[in-house]
Every structure is written in C-alpha cells, then in structure tokens.
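Enquirer: First, the structure itself, so that you have it in front of you.
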Amino acid sequence: SKSPGFAFPDWAYKPESSPGSRQIQLWHFILELLQKEEYQGVIAWQGDYGEFVIKDPDEVARLWGIRKCKPHMNYDKLSRALRYYYNKRILHKTKGKRFTYKFNFSKVVLVNYPILDMGQNYMSFCLICIKKRKKKYIN
DNA sequence: CACGGAACAT
DNA sequence: ATGTTCCGTG
C-alpha cells in the first residue's frame with residue numbers, strides 16, 4: 001500500500017510505545033464509536049464538519065468505563081477528560097449546543113495544507129489512516 | 001450543564 | 001503524560 005503523503009494531526013500519531021499511550025486514548029475511543037453505525041443512537045456526527053453529539057452521555061460513559069475497567073465512570077468524569085483536550089487542540093466545545101464537541105481536524109489541515117480543499121472525504125480518510133497505523137502496530 | 005483547579009493513579 | 005476523582009463556581 002502506498003503512503004498518502006499527508007500530514008495528520010500530531011495526536012493521530014501517538015505510537016503504542018509512547019508513554020501514556022499504552023492504554024486506549026479517549027479521543028480514539030470516541031472516533032471508534034463514531035465510526036460504527038450501531039452507536040448512532042449514542043453518539044453521532046452532527047452539524048458542522050468534525051462536530052459530534054453525545055446523544056446518550058450515560059451510555060458513552062458506561063462504554064468508556066468498560067473499556068478502561070473503570071466501573072464508576074460517568075459523564076462528569078468523562079467530560080473532564082474531554083475538557084483537557086481543549087488546550088491540546090484536539091477538541092473544542094460547540095457552545096450553546098448540549099453535549100456537542102468538535103474535533104479540530106480542519107484547523108490542522110488548513111495550517112499544513114492551505115491549498116487542499118476541505119472535502120468531506122477528509123474525515124473518512126483520517127479514520128482509515130488511523131486504522132492502518134493501528135494494524136501496523138498490532139502485527 | 002459546562003468549566004477548570006487540585007490531588008491522585010498508572 | 002493522560003486521564004480519574006472530586007468539587008467549587010457560574
């Protein structure tokens with residue numbers, strides 16, 4: 001397979017070996033749910049590009065808790081972790097919209113590739129790339 | 001709800 | 001470092 005020759009956000013390149021990345025990252029888990037149609041009643045892309053709504057906060061927290069073996073996880077705690085992403089420029093809050101956040105895909109793209117148009121394909125392209133990298137580390 | 005400080009865990 | 005837990009503030 002050929003390399004896309006495309007710069008993804010820094011946070012999309014956290015190698016398995018890097019400390020603090022041995023466990024699954026929350027942003028990765030969020031993308032994982034977003035990717036699966038069976039969770040569209042729980043969390044889904046909605047509104048602007050990169051924007052998603054947590055339709056069932058309790059359920060997302062429950063699933064995250066299962067993944068991390070934290071049975072007492074809840075939305076209060078999960079959302080605190082999401083808020084730490086603001087300064088890291090991974091996410092930001094869509095103000096005024098309840099349970100709505102937005103991935104900072106676009107900004108990174110525009111900074112690194114001013115010419116590149118922001119097609120709808122970028123999101124799926126990014127997800128595919130993350131997937132590929134994941135496989136690479138597993139093998 | 002949403003925010004962010006602080007202490008703590010891994 | 002990346003969260004988890006707890007909590008005061010608006």
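Going through the structure tokens in order, the chains are called A, B, and so on, while each chain numbers its residues from 1 and the ligands are numbered from 1 in the order shown.
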With 9 Å as the cut-off and only C-alpha atoms (C1' of nucleotides) counted, what is the closest atom pair between each nearby residue of chain A and chain B? Distances in Å to one decimal, ordered by chain and number, as a tab-separated table.
Expert:
```
residue	atom	partner	partner_atom	distance
A:Gly20	CA	B:DT10	C1'	8.5
A:Ser79	CA	B:DA2	C1'	8.9
A:Arg80	CA	B:DG4	C1'	8.7
A:Arg83	CA	B:DC3	C1'	8.1
A:Arg98	CA	B:DC1	C1'	7.5
A:Phe99	CA	B:DC1	C1'	8.5
```
Enquirer: Those residues with N, CA and C atoms, as a PDB file, in the first residue's frame please?
Expert:
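part.pdb, freshly written:
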```pdb
ATOM      1  N   GLY A  20       2.055   6.681  28.287  1.00  0.00           N
ATOM      2  CA  GLY A  20       0.731   7.265  28.389  1.00  0.00           C
ATOM      3  C   GLY A  20      -0.170   6.839  27.250  1.00  0.00           C
ATOM      4  N   SER A  79     -16.355  13.934  30.743  1.00  0.00           N
ATOM      5  CA  SER A  79     -16.331  15.274  30.160  1.00  0.00           C
ATOM      6  C   SER A  79     -15.140  16.081  30.669  1.00  0.00           C
ATOM      7  N   ARG A  80     -14.682  15.788  31.895  1.00  0.00           N
ATOM      8  CA  ARG A  80     -13.466  16.449  32.379  1.00  0.00           C
ATOM      9  C   ARG A  80     -12.268  16.080  31.499  1.00  0.00           C
ATOM     10  N   ARG A  83     -12.440  17.952  28.369  1.00  0.00           N
ATOM     11  CA  ARG A  83     -12.047  19.357  28.550  1.00  0.00           C
ATOM     12  C   ARG A  83     -10.530  19.515  28.524  1.00  0.00           C
ATOM     13  N   ARG A  98     -25.790  21.454  23.632  1.00  0.00           N
ATOM     14  CA  ARG A  98     -25.635  20.486  24.700  1.00  0.00           C
ATOM     15  C   ARG A  98     -24.930  19.222  24.207  1.00  0.00           C
ATOM     16  N   PHE A  99     -23.955  18.771  24.972  1.00  0.00           N
ATOM     17  CA  PHE A  99     -23.228  17.513  24.684  1.00  0.00           C
ATOM     18  C   PHE A  99     -22.583  17.508  23.298  1.00  0.00           C
TER      19      PHE A  99
END
```
Enquirer: With the cut-off set at 12 Å and counting only C-alpha atoms (C1' of nucleotides), tabulate each residue of chain A with an atom at most that distance from an atom of chain C, showing the nearest atom pair and its distance in Å to one decimal, ordered by chain and increasing number, as a Markdown table.
Expert:
```
| residue | atom | partner | partner_atom | distance |
| --- | --- | --- | --- | --- |
| A:Lys14 | CA | C:DA1 | C1' | 11.7 |
| A:Ser18 | CA | C:DA1 | C1' | 9.4 |
| A:Pro19 | CA | C:DA1 | C1' | 6.9 |
| A:Gly20 | CA | C:DA1 | C1' | 5.4 |
| A:Ser21 | CA | C:DT2 | C1' | 7.8 |
| A:Arg22 | CA | C:DT2 | C1' | 10.2 |
| A:Gln23 | CA | C:DT2 | C1' | 9.3 |
| A:Ile24 | CA | C:DT2 | C1' | 9.9 |
| A:Gln25 | CA | C:DT2 | C1' | 7.8 |
| A:Leu26 | CA | C:DG3 | C1' | 8.5 |
| A:Trp27 | CA | C:DT2 | C1' | 11.0 |
| A:Trp64 | CA | C:DG3 | C1' | 11.9 |
| A:Gly65 | CA | C:DT4 | C1' | 10.8 |
| A:Lys68 | CA | C:DG3 | C1' | 10.3 |
| A:Cys69 | CA | C:DT4 | C1' | 11.6 |
| A:Lys70 | CA | C:DT4 | C1' | 8.8 |
| A:Pro71 | CA | C:DT4 | C1' | 11.5 |
| A:His72 | CA | C:DT4 | C1' | 9.8 |
| A:Met73 | CA | C:DT4 | C1' | 8.4 |
| A:Asn74 | CA | C:DT4 | C1' | 10.5 |
| A:Tyr75 | CA | C:DT4 | C1' | 11.9 |
| A:Asp76 | CA | C:DT5 | C1' | 10.0 |
| A:Lys77 | CA | C:DT4 | C1' | 7.0 |
| A:Leu78 | CA | C:DT4 | C1' | 8.7 |
| A:Ser79 | CA | C:DG3 | C1' | 11.0 |
| A:Arg80 | CA | C:DG3 | C1' | 9.0 |
| A:Ala81 | CA | C:DG3 | C1' | 6.3 |
| A:Leu82 | CA | C:DG3 | C1' | 9.6 |
| A:Arg83 | CA | C:DG3 | C1' | 11.0 |
| A:Tyr84 | CA | C:DG3 | C1' | 8.9 |
| A:Tyr85 | CA | C:DT2 | C1' | 10.1 |
| A:Lys88 | CA | C:DT2 | C1' | 11.4 |
```
Enquirer: Enumerate, as a VMD selection string, the complete set of residues in region 27-96 of chain A that a backbone-based DSSP assignment places in helix (DSSP H, G or I).
Expert: chain A and resid 27 to 35 37 to 39 57 to 68 75 to 88
